[in-house]
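J.: Below you'll find the structure I mean.
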Amino acid sequence: MYRIVKKDRLNPTVSRMVIEAPAVAKKAQPGQFIILRVSEDGERIPLTVADYDREAGTVTIIYQIVGATTMKLDQKEAGDSITDFVGPLGKPTETAGLKKVAVIGGGVGCAIAYPVAKKMSEQGISVHSIVGFRNKDLVILEDEFRAASEKYVLMSDDGSAGQKGLVTDALKALIEAGEQYDEVVAIGPLIMMKFVCKLTKEYGIKTVVSMNPIMIDGTGMCGGCRLTVGGETKFACVDGPEFDGHLVDFDEAMSRGATYREFEAGAREQTCNLFKGV
(Lines give C-alpha, C1' and ligand atoms only; values in the text may rest on other atoms or scores of the structure.)
Protein backbone atom coordinates (compact mmCIF):
# COMPACT_ATOMS: atom_id res chain seq x y z
CA MET A 1 0.00 0.00 0.00
CA TYR A 2 1.14 3.54 -0.77
CA ARG A 3 0.27 6.29 1.69
CA ILE A 4 -1.02 9.68 0.58
CA VAL A 5 1.11 12.25 2.38
CA LYS A 6 -0.63 15.37 1.12
CA LYS A 7 -3.56 16.34 -1.08
CA ASP A 8 -4.66 19.73 -2.36
CA ARG A 9 -7.08 21.06 -4.95
CA LEU A 10 -5.56 23.08 -7.80
CA ASN A 11 -8.86 24.00 -9.46
CA PRO A 12 -12.44 22.64 -9.38
CA THR A 13 -11.53 19.52 -11.40
CA VAL A 14 -7.79 19.05 -10.80
CA SER A 15 -6.09 17.76 -7.65
CA ARG A 16 -2.51 17.15 -6.56
CA MET A 17 -1.32 14.30 -4.36
CA VAL A 18 2.03 13.55 -2.77
CA ILE A 19 2.48 9.79 -2.50
CA GLU A 20 4.96 7.95 -0.28
CA ALA A 21 6.82 5.71 -2.75
CA PRO A 22 10.58 5.63 -1.98
CA ALA A 23 11.55 3.15 -4.70
CA VAL A 24 9.82 5.23 -7.39
CA ALA A 25 11.14 8.52 -6.03
CA LYS A 26 14.69 7.19 -6.10
CA LYS A 27 14.72 6.86 -9.90
CA ALA A 28 11.95 9.14 -11.21
CA GLN A 29 12.76 11.75 -13.85
CA PRO A 30 10.71 14.48 -15.57
CA GLY A 31 8.88 13.10 -18.59
CA GLN A 32 8.24 9.71 -17.00
CA PHE A 33 4.99 8.35 -15.58
CA ILE A 34 3.58 5.85 -13.10
CA ILE A 35 0.64 3.45 -13.25
CA LEU A 36 -1.59 3.21 -10.21
CA ARG A 37 -4.57 1.29 -8.91
CA VAL A 38 -6.75 2.88 -6.27
CA SER A 39 -7.97 -0.49 -4.93
CA GLU A 40 -7.34 -4.20 -5.39
CA ASP A 41 -10.05 -4.55 -8.04
CA GLY A 42 -9.41 -1.15 -9.58
CA GLU A 43 -8.51 -0.05 -13.10
CA ARG A 44 -4.87 0.68 -13.98
CA ILE A 45 -4.33 4.28 -15.06
CA PRO A 46 -1.15 6.15 -16.07
CA LEU A 47 -0.30 9.50 -14.49
CA THR A 48 2.73 11.68 -15.09
CA VAL A 49 5.40 12.20 -12.45
CA ALA A 50 4.70 15.86 -11.65
CA ASP A 51 7.51 16.11 -9.09
CA TYR A 52 9.51 14.01 -6.67
CA ASP A 53 11.56 14.30 -3.48
CA ARG A 54 14.25 11.64 -3.28
CA GLU A 55 15.13 12.47 0.32
CA ALA A 56 11.55 12.29 1.55
CA GLY A 57 10.81 9.31 -0.72
CA THR A 58 7.71 10.91 -2.25
CA VAL A 59 6.30 11.35 -5.74
CA THR A 60 3.78 14.04 -6.72
CA ILE A 61 0.96 13.32 -9.16
CA ILE A 62 -1.62 15.71 -10.61
CA TYR A 63 -4.86 14.39 -12.04
CA GLN A 64 -8.07 15.69 -13.56
CA ILE A 65 -11.33 14.17 -12.37
CA VAL A 66 -12.67 12.90 -15.70
CA GLY A 67 -13.56 9.23 -15.24
CA ALA A 68 -14.55 6.60 -12.72
CA THR A 69 -11.02 5.86 -11.48
CA THR A 70 -10.00 9.49 -10.97
CA MET A 71 -13.29 10.02 -9.12
CA LYS A 72 -12.43 7.14 -6.81
CA LEU A 73 -8.88 8.43 -6.38
CA ASP A 74 -10.21 11.86 -5.46
CA GLN A 75 -12.27 10.34 -2.64
CA LYS A 76 -8.98 9.57 -0.90
CA GLU A 77 -7.45 12.04 1.56
CA ALA A 78 -4.09 12.53 3.24
CA GLY A 79 -3.40 9.54 5.47
CA ASP A 80 -5.29 7.12 3.22
CA SER A 81 -3.51 4.64 0.95
CA ILE A 82 -3.81 3.33 -2.60
CA THR A 83 -3.05 -0.24 -3.65
CA ASP A 84 -0.49 0.06 -6.46
CA PHE A 85 1.95 2.73 -7.58
CA VAL A 86 4.32 1.36 -10.23
CA GLY A 87 7.18 3.17 -11.95
CA PRO A 88 8.94 5.13 -13.10
CA LEU A 89 7.91 4.11 -16.63
CA GLY A 90 8.74 5.58 -20.03
CA LYS A 91 11.77 7.55 -21.12
CA PRO A 92 12.89 10.74 -19.34
CA THR A 93 12.86 14.09 -21.13
CA GLU A 94 16.04 14.61 -23.18
CA THR A 95 17.79 17.96 -22.70
CA ALA A 96 21.30 17.46 -24.10
CA GLY A 97 22.54 20.35 -26.22
CA LEU A 98 19.59 22.65 -25.55
CA LYS A 99 20.16 26.30 -24.69
CA LYS A 100 16.77 27.92 -25.23
CA VAL A 101 13.39 26.18 -25.25
CA ALA A 102 9.72 27.12 -25.40
CA VAL A 103 7.57 24.88 -23.19
CA ILE A 104 3.89 24.92 -24.16
CA GLY A 105 1.26 23.60 -21.76
CA GLY A 106 -2.47 23.31 -22.34
CA GLY A 107 -4.96 22.75 -19.52
CA VAL A 108 -4.12 19.81 -17.28
CA GLY A 109 -1.22 19.09 -19.65
CA CYS A 110 0.57 21.80 -17.66
CA ALA A 111 1.02 19.17 -14.95
CA ILE A 112 3.28 17.33 -17.40
CA ALA A 113 4.89 20.44 -18.86
CA TYR A 114 5.90 21.92 -15.50
CA PRO A 115 8.43 19.23 -14.42
CA VAL A 116 9.98 19.46 -17.90
CA ALA A 117 10.34 23.24 -17.57
CA LYS A 118 11.73 22.84 -14.05
CA LYS A 119 14.33 20.28 -15.13
CA MET A 120 15.49 22.45 -18.02
CA SER A 121 15.70 25.55 -15.83
CA GLU A 122 17.77 23.68 -13.23
CA GLN A 123 20.17 22.69 -16.01
CA GLY A 124 20.71 26.31 -17.03
CA ILE A 125 18.52 26.19 -20.14
CA SER A 126 16.59 29.37 -20.93
CA VAL A 127 12.89 28.45 -20.62
CA HIS A 128 9.99 30.41 -22.06
CA SER A 129 6.73 28.91 -20.82
CA ILE A 130 3.44 29.50 -22.62
CA VAL A 131 0.39 28.04 -20.88
CA GLY A 132 -3.24 28.11 -21.92
CA PHE A 133 -6.57 27.51 -20.17
CA ARG A 134 -10.23 28.04 -21.00
CA ASN A 135 -10.65 30.60 -18.20
CA LYS A 136 -9.12 31.96 -14.98
CA ASP A 137 -10.83 29.36 -12.77
CA LEU A 138 -8.89 26.54 -14.44
CA VAL A 139 -5.38 28.02 -14.14
CA ILE A 140 -2.93 25.77 -12.30
CA LEU A 141 0.75 25.92 -11.28
CA GLU A 142 1.17 29.60 -12.12
CA ASP A 143 3.72 30.29 -9.36
CA GLU A 144 5.63 27.10 -10.17
CA PHE A 145 5.91 27.97 -13.86
CA ARG A 146 7.01 31.53 -13.11
CA ALA A 147 9.79 30.24 -10.85
CA ALA A 148 11.07 27.88 -13.59
CA SER A 149 10.79 30.31 -16.52
CA GLU A 150 12.69 33.34 -17.80
CA LYS A 151 9.51 34.29 -19.63
CA TYR A 152 6.00 33.20 -18.67
CA VAL A 153 2.99 33.84 -20.92
CA LEU A 154 -0.51 33.00 -19.69
CA MET A 155 -3.29 32.66 -22.27
CA SER A 156 -7.01 32.04 -21.83
CA ASP A 157 -9.79 31.43 -24.32
CA ASP A 158 -12.02 34.14 -22.86
CA GLY A 159 -9.36 36.63 -21.75
CA SER A 160 -10.19 36.25 -18.05
CA ALA A 161 -6.57 35.31 -17.27
CA GLY A 162 -3.46 36.66 -18.97
CA GLN A 163 -3.93 37.39 -22.68
CA LYS A 164 -6.94 36.35 -24.71
CA GLY A 165 -6.14 33.76 -27.37
CA LEU A 166 -4.46 30.43 -28.00
CA VAL A 167 -0.98 29.23 -27.08
CA THR A 168 -0.16 29.17 -30.79
CA ASP A 169 -0.90 32.90 -30.96
CA ALA A 170 1.63 33.60 -28.21
CA LEU A 171 4.25 31.27 -29.68
CA LYS A 172 3.93 32.82 -33.12
CA ALA A 173 4.24 36.32 -31.66
CA LEU A 174 7.44 35.40 -29.80
CA ILE A 175 9.00 33.78 -32.86
CA GLU A 176 8.13 36.74 -35.07
CA ALA A 177 9.55 39.07 -32.42
CA GLY A 178 12.92 37.38 -32.92
CA GLU A 179 13.02 34.66 -30.28
CA GLN A 180 15.05 31.70 -31.51
CA TYR A 181 14.34 28.33 -29.89
CA ASP A 182 16.42 25.18 -30.14
CA GLU A 183 13.26 23.22 -29.38
CA VAL A 184 9.60 23.57 -28.58
CA VAL A 185 8.00 21.14 -26.12
CA ALA A 186 4.20 20.94 -26.40
CA ILE A 187 2.03 19.07 -23.91
CA GLY A 188 -1.74 19.20 -23.72
CA PRO A 189 -4.83 18.24 -25.71
CA LEU A 190 -4.08 16.43 -28.96
CA ILE A 191 -5.65 19.17 -31.05
CA MET A 192 -3.46 21.77 -29.35
CA MET A 193 -0.29 19.77 -29.94
CA LYS A 194 -1.27 19.20 -33.56
CA PHE A 195 -1.54 22.92 -34.28
CA VAL A 196 1.60 23.79 -32.32
CA CYS A 197 3.46 21.30 -34.50
CA LYS A 198 1.87 22.72 -37.66
CA LEU A 199 3.13 26.17 -36.66
CA THR A 200 6.66 25.13 -35.69
CA LYS A 201 7.04 23.10 -38.87
CA GLU A 202 6.59 26.32 -40.83
CA TYR A 203 9.53 27.82 -38.95
CA GLY A 204 11.67 24.68 -38.97
CA ILE A 205 11.79 24.38 -35.16
CA LYS A 206 12.23 20.91 -33.66
CA THR A 207 9.14 20.05 -31.61
CA VAL A 208 8.65 17.36 -28.98
CA VAL A 209 5.20 16.27 -27.78
CA SER A 210 4.19 14.06 -24.86
CA MET A 211 1.56 11.49 -25.83
CA ASN A 212 -0.92 9.99 -23.39
CA PRO A 213 -2.99 7.42 -25.30
CA ILE A 214 -5.03 4.55 -23.89
CA MET A 215 -2.64 2.47 -21.79
CA ILE A 216 -3.01 -0.75 -19.81
CA ASP A 217 0.17 -2.52 -18.75
CA GLY A 218 2.86 0.10 -19.36
CA THR A 219 5.33 -2.46 -20.74
CA GLY A 220 4.43 -2.51 -24.46
CA MET A 221 2.80 -5.95 -24.24
CA CYS A 222 -0.86 -4.95 -24.61
CA GLY A 223 -0.43 -2.63 -27.59
CA GLY A 224 -3.17 -0.31 -26.37
CA CYS A 225 -0.94 2.77 -26.49
CA ARG A 226 0.25 2.32 -30.06
CA LEU A 227 0.80 5.37 -32.21
CA THR A 228 1.97 5.99 -35.74
CA VAL A 229 5.14 8.07 -35.74
CA GLY A 230 6.93 8.69 -39.00
CA GLY A 231 4.91 5.91 -40.62
CA GLU A 232 6.03 3.37 -37.99
CA THR A 233 4.11 1.88 -35.07
CA LYS A 234 5.42 3.06 -31.71
CA PHE A 235 4.27 2.38 -28.15
CA ALA A 236 3.95 5.40 -25.89
CA CYS A 237 4.75 3.44 -22.74
CA VAL A 238 8.18 2.17 -23.82
CA ASP A 239 9.16 4.25 -26.88
CA GLY A 240 7.87 7.49 -25.35
CA PRO A 241 5.88 9.16 -24.01
CA GLU A 242 7.80 11.93 -25.84
CA PHE A 243 8.05 11.91 -29.64
CA ASP A 244 9.00 14.13 -32.54
CA GLY A 245 5.76 16.05 -32.98
CA HIS A 246 6.30 16.60 -36.69
CA LEU A 247 6.14 12.83 -37.23
CA VAL A 248 3.09 11.97 -35.08
CA ASP A 249 -0.18 11.05 -36.81
CA PHE A 250 -2.44 13.19 -34.61
CA ASP A 251 -5.64 12.42 -36.52
CA GLU A 252 -5.19 8.70 -35.87
CA ALA A 253 -4.35 9.35 -32.22
CA MET A 254 -7.50 11.44 -31.76
CA SER A 255 -9.64 8.75 -33.37
CA ARG A 256 -8.19 6.02 -31.15
CA GLY A 257 -8.53 8.21 -28.07
CA ALA A 258 -12.29 8.38 -28.56
CA THR A 259 -12.72 4.59 -28.72
CA TYR A 260 -13.88 4.10 -25.12
CA ARG A 261 -15.52 7.46 -24.55
CA GLU A 262 -19.06 6.06 -24.21
CA PHE A 263 -17.87 3.23 -21.95
CA GLU A 264 -16.02 5.67 -19.71
CA ALA A 265 -19.04 7.96 -19.52
CA GLY A 266 -21.12 4.99 -18.32
CA ALA A 267 -18.51 4.01 -15.73
CA ARG A 268 -18.36 7.58 -14.48
CA GLU A 269 -22.15 7.77 -14.13
CA GLN A 270 -22.18 4.47 -12.26
CA THR A 271 -19.48 5.71 -9.89
CA CYS A 272 -21.35 8.98 -9.31
CA ASN A 273 -24.46 7.05 -8.36
CA LEU A 274 -22.42 4.87 -6.03
CA PHE A 275 -21.04 7.89 -4.16
CA LYS A 276 -24.50 9.48 -3.98
CA GLY A 277 -25.73 6.39 -2.20
CA VAL A 278 -23.02 6.48 0.45
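Residues are referred to by chain and number: the chain letter is A, B, ... according to the order shown in the C-alpha coordinates, the number counts from 1 in that chain, and ligands are numbered separately from 1 in the order shown.
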Identify all residues of region 142-174 of chain A in strand (DSSP E) (DSSP on the backbone) and supply them as a CSV table (one decimal) with N, CA and C atoms, in the first residue's frame.
T.:
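Output saved as selection_34.csv:
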```
chain,number,residue,atom,x,y,z
A,151,LYS,N,10.7,33.6,-19.1
A,151,LYS,CA,9.5,34.3,-19.6
A,151,LYS,C,8.3,33.4,-19.4
A,152,TYR,N,7.2,34.0,-18.9
A,152,TYR,CA,6.0,33.2,-18.7
A,152,TYR,C,4.8,33.9,-19.3
A,153,VAL,N,4.1,33.3,-20.2
A,153,VAL,CA,3.0,33.8,-20.9
A,153,VAL,C,1.7,33.0,-20.6
A,154,LEU,N,0.7,33.7,-20.0
A,154,LEU,CA,-0.5,33.0,-19.7
A,154,LEU,C,-1.6,33.4,-20.7
A,155,MET,N,-2.2,32.4,-21.3
A,155,MET,CA,-3.3,32.7,-22.3
A,155,MET,C,-4.6,32.0,-21.8
A,156,SER,N,-5.7,32.6,-22.1
A,156,SER,CA,-7.0,32.0,-21.8
A,156,SER,C,-8.0,32.3,-23.0
A,163,GLN,N,-3.5,36.8,-21.4
A,163,GLN,CA,-3.9,37.4,-22.7
A,163,GLN,C,-5.0,36.5,-23.3
A,164,LYS,N,-5.9,37.1,-24.0
A,164,LYS,CA,-6.9,36.3,-24.7
A,164,LYS,C,-6.4,35.7,-26.0
```
J.: What lies within 8 Å of Gln32 (chain A) using only C-alpha atoms, ignoring chain neighbours under 6 positions off, as a list in words?
T.: Thr48, Val49, Pro88, Leu89, Gly90, Lys91, Pro92, Thr93 and Pro241 of chain A
J.: Would you please work out which residue, of A:Ala23, A:Met71, A:Pro46, A:Ile62, is nearest to Cys225 (chain A) when using only C-alpha atoms?
T.: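 Ranked by minimum distance to Cys225 (chain A), first place goes to A:Pro46.
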J.: Would you kindly return, as a list of chain:residue names, each protein, DNA or RNA residue with an atom no farther than 8 Å from any atom of Thr69 (chain A), considering only C-alpha atoms and excluding same-chain residues fewer than 4 positions away?
T.: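 Near Thr69 (chain A), the qualifying residues are A:Val38, A:Gly42, A:Glu43, A:Ile45, A:Leu73.
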J.: Any idea what's packed within 7 Å of Lys206 (chain A), counting only C-alpha atoms, ignoring anything in its chain fewer than 5 positions away? Could you give it as a PyMOL selection string?
T.: chain A and resi 182-184
J.: For N, CA, C and O atoms, I'd like the residues from the last selection saved as a PDB file, in the first residue's frame.
T.:
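Output below, filename again-v9.pdb:
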```pdb
ATOM      1  N   ASP A 182      15.817  26.441 -29.690  1.00  0.00           N
ATOM      2  CA  ASP A 182      16.415  25.183 -30.137  1.00  0.00           C
ATOM      3  C   ASP A 182      15.346  24.109 -30.264  1.00  0.00           C
ATOM      4  O   ASP A 182      15.465  23.193 -31.087  1.00  0.00           O
ATOM      5  N   GLU A 183      14.306  24.245 -29.424  1.00  0.00           N
ATOM      6  CA  GLU A 183      13.263  23.218 -29.381  1.00  0.00           C
ATOM      7  C   GLU A 183      12.006  23.791 -28.755  1.00  0.00           C
ATOM      8  O   GLU A 183      12.066  24.670 -27.889  1.00  0.00           O
ATOM      9  N   VAL A 184      10.882  23.280 -29.213  1.00  0.00           N
ATOM     10  CA  VAL A 184       9.596  23.572 -28.578  1.00  0.00           C
ATOM     11  C   VAL A 184       9.067  22.263 -28.003  1.00  0.00           C
ATOM     12  O   VAL A 184       9.110  21.224 -28.666  1.00  0.00           O
TER      13      VAL A 184
END
```
J.: Quick one: of A:Gly218, A:Pro22, A:Gly109, A:Gly165, who's nearest to Pro189 (chain A), counting only C-alpha atoms?
T.: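 Nearest to Pro189 (chain A): A:Gly109.
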J.: Which one of A:Phe33, A:Phe235, A:Phe243, A:Tyr114 sits closest to Thr207 (chain A) if you count only C-alpha atoms?
T.: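 Among the listed residues, A:Phe243 lies closest to Thr207 (chain A).
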J.: Which residues are close to Lys26 (chain A), i.e. within 12 Å by only C-alpha atoms, leaving aside same-chain residues fewer than 4 positions away? Reply as a count of residues only.
T.: 14
J.: Between A:Gly105, A:Gly31, A:Gly124, A:Asp217, which one has atoms that come closest to Leu166 (chain A), using only C-alpha atoms?
T.: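 Using only C-alpha atoms, Leu166 (chain A) sits closest to A:Gly105.
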J.: Please identify which residues in region 35-86 of chain A DSSP calls helix (DSSP H, G or I) from the backbone, and express them as a list in words.
T.: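 Here are the helix (DSSP H, G or I) residues of region 35-86 of chain A: Ala68, Thr69, Thr70, Met71, Lys72, Leu73 and Asp74 of chain A.
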